[in-house]
Amino acid sequence: MTPDYSSAARASRPAAIKTLLIAGLVAVSTAAAFTLRSHAVGTSTDSATSATATAAPPSALVAGQIPSAPKVDKAIVNSRVKTVLNTPSGDHWQSITVARGQTLSTIFKAHGLNPDDWRSVLVLGGDTSRLRHLQIGNKLRFQIINGQLQALTYAYDSTHTLDVHRAGQELQANTVTAALDHRPAEASGQIHDSLFVDGQHAGLSNNLMLEFAHIFNYDVDFGQDLQAGDRFTVIYDRVYKNGKKLRDGNILAAELVNQGHTYRAVRFVDKDGNAAYYTPNGQPLRRAFIRTPVAFTRISSGFSLARLNPVLHTIRPHYGTDYAAPAGTPVHATASGRVAFISRDGGYGNVIKVRHGAHYETIYAHLSRFRKGLGTGSKVQQDEVIGYVGMTGLATGPHLHYEFRINGEPKNPVTVKLPRGQPLPPHEIVEFRKEETPLVARINSIDSRQYADNGPTIGTR
Ligand SMILES: [Zn+2]
């Protein structure tokens with residue numbers, strides 16, 4: 001069986017094009033940015049002033065109604081000193097912003113310090129090594145009394161501060177970790193304009209809405225399936241430091257009502273530390289395959305079991321989908337697997353075949369080049385770049401010819417039902433339930449409030 005792999009850039013097939021998620025997101029994002037400017041909403045993403053976005057009161061944490069903080073943060077906080085470092089003030093303190101070409105040693109010299117002191121700081125170990133790699137714009141604070149270094153602080157990220165201070169003749173170094181406070185917040189709204197515009201109206205940042213779209217993108221094509229009247233609900237983590245909001249954290253749970261169908265997702269970190277979103281039943285939202293391997297401009301030729309070949313002018317099946325895209329556009333593996341073939345091969349041109357377990361195979365043809373370091377037997381991850389669009393082999397223009405095979409049989413890549421990822425194993429379900437139950441209860445209560453309010457009042461102002 002010789003597969004047909006030629007391009008059909010001139011194919012007159014009607015544009016029954018499923019908008020590619022990535023392209024769709026970019027398009028939506030761009031449109032949102034434009035609309036947002038013209039809307040001049042006047043609310044920063046931090047303020048979440050919308051009526052529907054409310055931070056949970058800290059008491060809710062005590063009441064145990066909301067999930068524990070993400071495990072990673074907890075581990076960091078527990079492993080360090082749980083003290084809040086007050087910004088030093090008072091006499092003899094000065095702030096220094098690192099300028100081009102400056103090092104700790106030149107900074108010490110410039111402030112009339114004993115040139116040996118910078119060495120005695122670095123030998124203290126721990127995070128003092130960070131002072132070796134100062135960059136333009138880093139901020140340090142020094143306390144110098146009678147020409148002697150008394151203290152030095154360096155907040156090297158938003159939660160960690162290196163604190164060096166003199167105790168008698170000795171210098172000591174500690175790293176102080178700000179105690180972070182996690183307060184889940186919620187927001188919900190209805191789609192009138194776009195996910196990003198309506199998300200913003202509900203007090204959600206574009207980053208959160210992008211995360212939201214990524215969570216559901218295996219089930220919903222946001223480029224074309226989203227409709228006015230659809231609803232979204234998001235419960236997300238908010239991180240506070242010293243009582244001030246530091247940043248938004250992850251989405252903890254979310255709901256999308258799309259064309260009358262309700263999708264729900266709950267975030268769960270398994271015991272190996274892998275975070276993923278699951279349905280309330282413990283099924284992963286993520287599929288084993290992403291739908292489309294490339295950000296394409298259009299489908300130049302669809303899958304067909306009998307089609308007129310534009311190069312050979314014969315009726316031959318087309319066992320894949322041709323995605324037109326500029327030469328050099330990155331091509332992504334649609335699922336994790338192993339490279340079974342990577343070479344030049346006749347009409348396919350530069351082609352990669354990836355095996356995914358015993359039954360699935362995907363094929364990427366006409367590539368201009370392969371990703372460096374990739375060879376037969378290489379492992380690839382889902383969404384990893386494996387090559388670049390080109391027109392090698394039998395092709396009339398730059399495009400990716402993509403095939404999806406199950407047990408050797410070619411399937412239509414655009415419509416084939418994609419298998420789900422692995423469900424949670426039974427021993428993880430118990431832990432999952434502890435997080436899922438209160439979150440789903442909270443979504444239910446948000447929903448009942450919304451519908452009791454006659455629904456449309458939300459997000460219509
Ligand atoms: Zn093709």
# chains A, B, ... in the order shown; residues from 1 in each chain; ligands from 1

$ residues_around --residues "Gly243 (chain A)" --least-positions-apart "2" --cutoff "12 Å" --atoms "only C-alpha atoms" --output "ChimeraX atom specification"
/A:58,84,178-183,238-241,245-247

$ write_last_selection --atoms "N, CA and C atoms" --output "JSON list (two decimals), in the first residue's frame"
[["chain", "number", "residue", "atom", "x", "y", "z"],
["A", 58, "PRO", "N", -10.42, 34.73, 54.99],
["A", 58, "PRO", "CA", -9.44, 33.83, 55.58],
["A", 58, "PRO", "C", -10.08, 32.80, 56.50],
["A", 84, "VAL", "N", 8.36, 36.45, 58.89],
["A", 84, "VAL", "CA", 8.18, 37.51, 57.92],
["A", 84, "VAL", "C", 9.30, 38.52, 58.16],
["A", 178, "ALA", "N", 9.16, 34.46, 53.25],
["A", 178, "ALA", "CA", 7.91, 35.11, 53.64],
["A", 178, "ALA", "C", 6.83, 34.05, 53.75],
["A", 179, "ALA", "N", 6.02, 34.14, 54.77],
["A", 179, "ALA", "CA", 4.91, 33.22, 54.91],
["A", 179, "ALA", "C", 3.85, 33.58, 53.87],
["A", 180, "LEU", "N", 3.52, 32.64, 53.04],
["A", 180, "LEU", "CA", 2.53, 32.90, 52.00],
["A", 180, "LEU", "C", 1.18, 32.38, 52.45],
["A", 181, "ASP", "N", 0.20, 33.10, 52.06],
["A", 181, "ASP", "CA", -1.16, 32.81, 52.47],
["A", 181, "ASP", "C", -1.94, 32.48, 51.19],
["A", 182, "HIS", "N", -2.60, 31.35, 51.19],
["A", 182, "HIS", "CA", -3.37, 30.99, 49.99],
["A", 182, "HIS", "C", -4.85, 31.17, 50.26],
["A", 183, "ARG", "N", -5.49, 32.02, 49.51],
["A", 183, "ARG", "CA", -6.93, 32.25, 49.68],
["A", 183, "ARG", "C", -7.62, 32.04, 48.35],
["A", 238, "ARG", "N", -5.24, 32.31, 45.17],
["A", 238, "ARG", "CA", -4.62, 33.62, 45.20],
["A", 238, "ARG", "C", -3.59, 33.62, 46.29],
["A", 239, "VAL", "N", -2.43, 34.14, 45.99],
["A", 239, "VAL", "CA", -1.32, 34.06, 46.93],
["A", 239, "VAL", "C", -1.08, 35.44, 47.54],
["A", 240, "TYR", "N", -1.04, 35.48, 48.85],
["A", 240, "TYR", "CA", -0.83, 36.73, 49.58],
["A", 240, "TYR", "C", 0.46, 36.64, 50.38],
["A", 241, "LYS", "N", 1.13, 37.78, 50.47],
["A", 241, "LYS", "CA", 2.33, 37.86, 51.28],
["A", 241, "LYS", "C", 2.18, 39.09, 52.18],
["A", 245, "LYS", "N", -1.79, 41.01, 48.17],
["A", 245, "LYS", "CA", -1.85, 40.02, 47.10],
["A", 245, "LYS", "C", -0.55, 40.03, 46.32],
["A", 246, "LEU", "N", 0.02, 38.83, 46.19],
["A", 246, "LEU", "CA", 1.28, 38.70, 45.48],
["A", 246, "LEU", "C", 1.02, 38.30, 44.02],
["A", 247, "ARG", "N", 0.17, 37.31, 43.82],
["A", 247, "ARG", "CA", -0.12, 36.84, 42.46],
["A", 247, "ARG", "C", -1.31, 35.89, 42.48]]

$ closest_atom_pairs --of "region 347-439 of chain A" --to "region 319-335 of chain A" --cutoff "8 Å" --atoms "only C-alpha atoms" --output "JSON lines"
{"residue": "A:Val354", "atom": "CA", "partner": "A:Ala333", "partner_atom": "CA", "distance": 7.9}
{"residue": "A:His356", "atom": "CA", "partner": "A:Ala335", "partner_atom": "CA", "distance": 7.1}
{"residue": "A:Thr362", "atom": "CA", "partner": "A:Thr334", "partner_atom": "CA", "distance": 7.8}
{"residue": "A:Ser368", "atom": "CA", "partner": "A:Gly328", "partner_atom": "CA", "distance": 6.9}
{"residue": "A:Val380", "atom": "CA", "partner": "A:Ala333", "partner_atom": "CA", "distance": 7.1}
{"residue": "A:Gln381", "atom": "CA", "partner": "A:Ala335", "partner_atom": "CA", "distance": 6.4}
{"residue": "A:Gln382", "atom": "CA", "partner": "A:Ala335", "partner_atom": "CA", "distance": 4.0}
{"residue": "A:Asp383", "atom": "CA", "partner": "A:His332", "partner_atom": "CA", "distance": 4.9}
{"residue": "A:Glu384", "atom": "CA", "partner": "A:His332", "partner_atom": "CA", "distance": 5.2}
{"residue": "A:Val385", "atom": "CA", "partner": "A:His332", "partner_atom": "CA", "distance": 4.3}
{"residue": "A:Ile386", "atom": "CA", "partner": "A:His332", "partner_atom": "CA", "distance": 5.8}
{"residue": "A:Gly387", "atom": "CA", "partner": "A:Val331", "partner_atom": "CA", "distance": 5.2}
{"residue": "A:Tyr388", "atom": "CA", "partner": "A:Pro330", "partner_atom": "CA", "distance": 4.6}
{"residue": "A:Val389", "atom": "CA", "partner": "A:Ala327", "partner_atom": "CA", "distance": 4.9}
{"residue": "A:Gly390", "atom": "CA", "partner": "A:Ala327", "partner_atom": "CA", "distance": 4.8}
{"residue": "A:Met391", "atom": "CA", "partner": "A:Ala327", "partner_atom": "CA", "distance": 7.6}
{"residue": "A:Gly397", "atom": "CA", "partner": "A:Ala324", "partner_atom": "CA", "distance": 8.0}
{"residue": "A:Pro398", "atom": "CA", "partner": "A:Ala327", "partner_atom": "CA", "distance": 5.5}
{"residue": "A:His399", "atom": "CA", "partner": "A:Ala324", "partner_atom": "CA", "distance": 4.2}
{"residue": "A:Leu400", "atom": "CA", "partner": "A:Tyr323", "partner_atom": "CA", "distance": 5.1}
{"residue": "A:His401", "atom": "CA", "partner": "A:Asp322", "partner_atom": "CA", "distance": 4.5}
{"residue": "A:Tyr402", "atom": "CA", "partner": "A:Gly320", "partner_atom": "CA", "distance": 5.2}
{"residue": "A:Glu403", "atom": "CA", "partner": "A:Gly320", "partner_atom": "CA", "distance": 4.3}
{"residue": "A:Phe404", "atom": "CA", "partner": "A:Gly320", "partner_atom": "CA", "distance": 7.0}
{"residue": "A:Pro410", "atom": "CA", "partner": "A:Tyr319", "partner_atom": "CA", "distance": 5.8}
{"residue": "A:Lys411", "atom": "CA", "partner": "A:Tyr319", "partner_atom": "CA", "distance": 7.3}
{"residue": "A:Asn412", "atom": "CA", "partner": "A:Gly320", "partner_atom": "CA", "distance": 6.5}
{"residue": "A:Pro413", "atom": "CA", "partner": "A:Thr321", "partner_atom": "CA", "distance": 6.6}
{"residue": "A:Val414", "atom": "CA", "partner": "A:Thr321", "partner_atom": "CA", "distance": 7.6}

$ closest_residue --among "A:Arg442, A:Ala288, A:Pro317, A:Val266" --to "ligand 1" --atoms "only C-alpha atoms and all ligand atoms"
A:Pro317

$ atom_distance --atom1 "CA of His111 (chain A)" --atom2 "CA of Asn146 (chain A)"
11.4 Å

$ atom_distance --atom1 "CA of Pro280 (chain A)" --atom2 "CA of Thr262 (chain A)"
11.8 Å

$ atom_distance --atom1 "CA of Gln94 (chain A)" --atom2 "CA of Gln143 (chain A)"
6.5 Å

$ closest_residue --among "A:Asp447, A:Ser301, A:Val440, A:Gly147" --to "ligand 1" --atoms "only C-alpha atoms and all ligand atoms"
A:Ser301

$ select_by_dssp --residues "region 82-235 of chain A" --states "strand (DSSP E)" --output "PyMOL selection string"
chain A and resi 93-97+139-145+148-155+160-167+170-177+180-182+185-190+231-235

$ residues_around --residues "His359 (chain A)" --least-positions-apart "4" --cutoff "12 Å" --atoms "only C-alpha atoms" --output "list of chain:residue names"
A:Gly337, A:Val354, A:Arg355, A:Phe404, A:Arg405, A:Ile406, A:Asn407, A:Gly408, A:Glu409, A:Pro410, A:Pro419

$ write_last_selection --atoms "C-alpha atoms" --output "PDB file, in the first residue's frame"
ATOM      1  CA  GLY A 337       5.904   8.075  22.157  1.00  0.00           C
ATOM      2  CA  VAL A 354       6.146   8.140  15.950  1.00  0.00           C
ATOM      3  CA  ARG A 355       4.833   5.010  17.696  1.00  0.00           C
ATOM      4  CA  PHE A 404      -3.082   9.162  12.336  1.00  0.00           C
ATOM      5  CA  ARG A 405      -3.074   5.368  12.269  1.00  0.00           C
ATOM      6  CA  ILE A 406      -4.726   2.842  14.572  1.00  0.00           C
ATOM      7  CA  ASN A 407      -3.409  -0.696  14.160  1.00  0.00           C
ATOM      8  CA  GLY A 408      -1.914   0.410  10.863  1.00  0.00           C
ATOM      9  CA  GLU A 409      -5.204   1.718   9.518  1.00  0.00           C
ATOM     10  CA  PRO A 410      -5.311   5.411   8.552  1.00  0.00           C
ATOM     11  CA  PRO A 419      -8.309   8.348  23.621  1.00  0.00           C
TER      12      PRO A 419
END

$ residues_around --residues "Trp93 (chain A)" --least-positions-apart "6" --cutoff "8 Å" --atoms "only C-alpha atoms" --output "list in words"
Arg141, Phe142, Gln143 and Ile144 of chain A

$ write_last_selection --atoms "N, CA and C atoms" --output "PDB file, in the first residue's frame"
ATOM      1  N   ARG A 141      20.264  45.916  49.982  1.00  0.00           N
ATOM      2  CA  ARG A 141      20.277  46.958  51.019  1.00  0.00           C
ATOM      3  C   ARG A 141      21.437  46.680  51.957  1.00  0.00           C
ATOM      4  N   PHE A 142      22.138  47.740  52.297  1.00  0.00           N
ATOM      5  CA  PHE A 142      23.319  47.633  53.153  1.00  0.00           C
ATOM      6  C   PHE A 142      23.107  48.465  54.405  1.00  0.00           C
ATOM      7  N   GLN A 143      23.624  47.971  55.511  1.00  0.00           N
ATOM      8  CA  GLN A 143      23.733  48.825  56.694  1.00  0.00           C
ATOM      9  C   GLN A 143      25.219  48.917  57.008  1.00  0.00           C
ATOM     10  N   ILE A 144      25.732  50.143  56.911  1.00  0.00           N
ATOM     11  CA  ILE A 144      27.162  50.348  57.122  1.00  0.00           C
ATOM     12  C   ILE A 144      27.326  51.345  58.260  1.00  0.00           C
TER      13      ILE A 144
END

$ closest_residue --among "A:Lys372, A:Val430, A:His366, A:Ile443" --to "ligand 1" --atoms "only C-alpha atoms and all ligand atoms"
A:His366

$ closest_residue --among "A:Ser105, A:Thr175, A:Gln148, A:Asn114" --to "Arg132 (chain A)" --atoms "only C-alpha atoms"
A:Ser105

$ residues_around --residues "Asp157 (chain A)" --least-positions-apart "6" --cutoff "12 Å" --atoms "only C-alpha atoms" --output "count of residues only"
10

$ closest_residue --among "A:Ile290, A:Leu394, A:Arg344, A:Pro284" --to "Pro425 (chain A)" --atoms "only C-alpha atoms"
A:Pro284

$ closest_residue --among "A:Gly273, A:Gly112, A:Gly125, A:Gly347" --to "ligand 1" --atoms "only C-alpha atoms and all ligand atoms"
A:Gly347

$ select_by_dssp --residues "region 183-344 of chain A" --states "alpha helix (DSSP H)" --output "PyMOL selection string"
chain A and resi 195-201+206-216

$ residues_around --residues "Leu252 (chain A)" --least-positions-apart "3" --cutoff "12 Å" --atoms "only C-alpha atoms" --output "MDAnalysis selection string"
chainID A and resid 66:70 182:187 208 211:212 215 233:238 248:249 255 264:269 275:278 435:436 438:440 442:443

$ write_last_selection --atoms "N, CA and C atoms" --output "short mmCIF file (atom, residue, chain, number, x, y, z; two decimals), in the first residue's frame"
data_model
loop_
_atom_site.label_atom_id
_atom_site.label_comp_id
_atom_site.auth_asym_id
_atom_site.auth_seq_id
_atom_site.Cartn_x
_atom_site.Cartn_y
_atom_site.Cartn_z
N ILE A 66 -12.15 24.87 51.96
CA ILE A 66 -11.43 25.00 50.71
C ILE A 66 -10.15 24.19 50.78
N PRO A 67 -9.64 23.85 49.63
CA PRO A 67 -8.55 22.88 49.58
C PRO A 67 -7.26 23.47 50.14
N SER A 68 -6.38 22.56 50.45
CA SER A 68 -5.09 22.98 50.97
C SER A 68 -4.29 23.67 49.87
N ALA A 69 -3.29 24.39 50.28
CA ALA A 69 -2.45 25.10 49.34
C ALA A 69 -1.71 24.10 48.47
N PRO A 70 -1.29 24.52 47.29
CA PRO A 70 -0.51 23.62 46.44
C PRO A 70 0.67 23.04 47.21
N HIS A 182 -2.60 31.35 51.19
CA HIS A 182 -3.37 30.99 49.99
C HIS A 182 -4.85 31.17 50.26
N ARG A 183 -5.49 32.02 49.51
CA ARG A 183 -6.93 32.25 49.68
C ARG A 183 -7.62 32.04 48.35
N PRO A 184 -8.30 30.93 48.21
CA PRO A 184 -9.01 30.69 46.95
C PRO A 184 -10.04 31.78 46.68
N ALA A 185 -10.11 32.16 45.43
CA ALA A 185 -11.09 33.16 45.00
C ALA A 185 -11.95 32.53 43.92
N GLU A 186 -13.08 33.13 43.65
CA GLU A 186 -13.95 32.57 42.62
C GLU A 186 -14.43 33.68 41.69
N ALA A 187 -14.74 33.29 40.49
CA ALA A 187 -15.31 34.25 39.53
C ALA A 187 -16.14 33.46 38.55
N LEU A 208 -5.22 33.60 33.44
CA LEU A 208 -6.14 32.61 34.01
C LEU A 208 -7.09 32.08 32.94
N GLU A 211 -5.31 29.63 30.86
CA GLU A 211 -5.22 28.36 31.58
C GLU A 211 -6.56 27.63 31.51
N PHE A 212 -7.63 28.40 31.66
CA PHE A 212 -8.98 27.84 31.57
C PHE A 212 -9.18 27.16 30.21
N ILE A 215 -7.35 23.93 29.91
CA ILE A 215 -7.95 22.83 30.67
C ILE A 215 -9.01 22.11 29.84
N THR A 233 -17.15 29.24 35.19
CA THR A 233 -16.96 29.42 36.62
C THR A 233 -15.55 28.96 36.95
N VAL A 234 -14.83 29.77 37.71
CA VAL A 234 -13.45 29.45 38.02
C VAL A 234 -13.21 29.64 39.52
N ILE A 235 -12.63 28.64 40.16
CA ILE A 235 -12.13 28.80 41.53
C ILE A 235 -10.61 28.71 41.42
N TYR A 236 -9.95 29.75 41.85
CA TYR A 236 -8.50 29.77 41.67
C TYR A 236 -7.81 30.22 42.93
N ASP A 237 -6.55 29.85 43.00
CA ASP A 237 -5.73 30.16 44.15
C ASP A 237 -5.22 31.59 44.04
N ARG A 238 -5.24 32.31 45.17
CA ARG A 238 -4.62 33.62 45.20
C ARG A 238 -3.59 33.62 46.29
N ASP A 248 -1.83 35.62 41.29
CA ASP A 248 -2.80 34.55 41.14
C ASP A 248 -2.05 33.23 41.10
N GLY A 249 -2.64 32.23 41.68
CA GLY A 249 -2.05 30.89 41.58
C GLY A 249 -2.78 30.10 40.51
N GLU A 255 -15.59 25.25 35.67
CA GLU A 255 -16.74 24.70 34.97
C GLU A 255 -16.96 25.50 33.70
N ARG A 264 -16.64 19.92 33.72
CA ARG A 264 -16.05 20.32 34.99
C ARG A 264 -14.65 19.75 35.12
N ALA A 265 -13.82 20.50 35.81
CA ALA A 265 -12.44 20.06 36.00
C ALA A 265 -11.97 20.41 37.40
N VAL A 266 -11.20 19.51 37.99
CA VAL A 266 -10.63 19.73 39.32
C VAL A 266 -9.14 19.44 39.23
N ARG A 267 -8.35 20.35 39.78
CA ARG A 267 -6.90 20.16 39.76
C ARG A 267 -6.49 19.20 40.85
N PHE A 268 -5.57 18.32 40.52
CA PHE A 268 -5.09 17.38 41.52
C PHE A 268 -3.61 17.13 41.28
N VAL A 269 -2.84 17.14 42.38
CA VAL A 269 -1.41 16.84 42.30
C VAL A 269 -1.22 15.44 42.86
N ALA A 275 0.82 17.61 38.45
CA ALA A 275 -0.47 18.30 38.52
C ALA A 275 -1.23 18.06 37.21
N ALA A 276 -2.52 17.77 37.35
CA ALA A 276 -3.35 17.60 36.16
C ALA A 276 -4.80 17.88 36.54
N TYR A 277 -5.64 18.04 35.53
CA TYR A 277 -7.05 18.30 35.77
C TYR A 277 -7.86 17.05 35.44
N TYR A 278 -8.84 16.79 36.33
CA TYR A 278 -9.66 15.60 36.19
C TYR A 278 -11.13 15.98 36.25
N GLU A 435 -10.09 16.56 47.87
CA GLU A 435 -9.96 17.88 47.25
C GLU A 435 -11.16 18.19 46.38
N GLU A 436 -11.65 17.16 45.71
CA GLU A 436 -12.72 17.34 44.73
C GLU A 436 -14.04 17.72 45.38
N PRO A 438 -15.15 19.31 48.25
CA PRO A 438 -15.49 20.70 48.60
C PRO A 438 -15.48 21.64 47.40
N LEU A 439 -14.62 21.39 46.42
CA LEU A 439 -14.56 22.27 45.25
C LEU A 439 -15.83 22.15 44.41
N VAL A 440 -16.26 20.92 44.19
CA VAL A 440 -17.48 20.73 43.40
C VAL A 440 -18.69 21.30 44.14
N ARG A 442 -18.61 23.82 46.02
CA ARG A 442 -18.55 25.27 45.87
C ARG A 442 -19.03 25.70 44.48
N ILE A 443 -18.67 24.94 43.47
CA ILE A 443 -19.17 25.25 42.12
C ILE A 443 -20.69 25.14 42.08
#
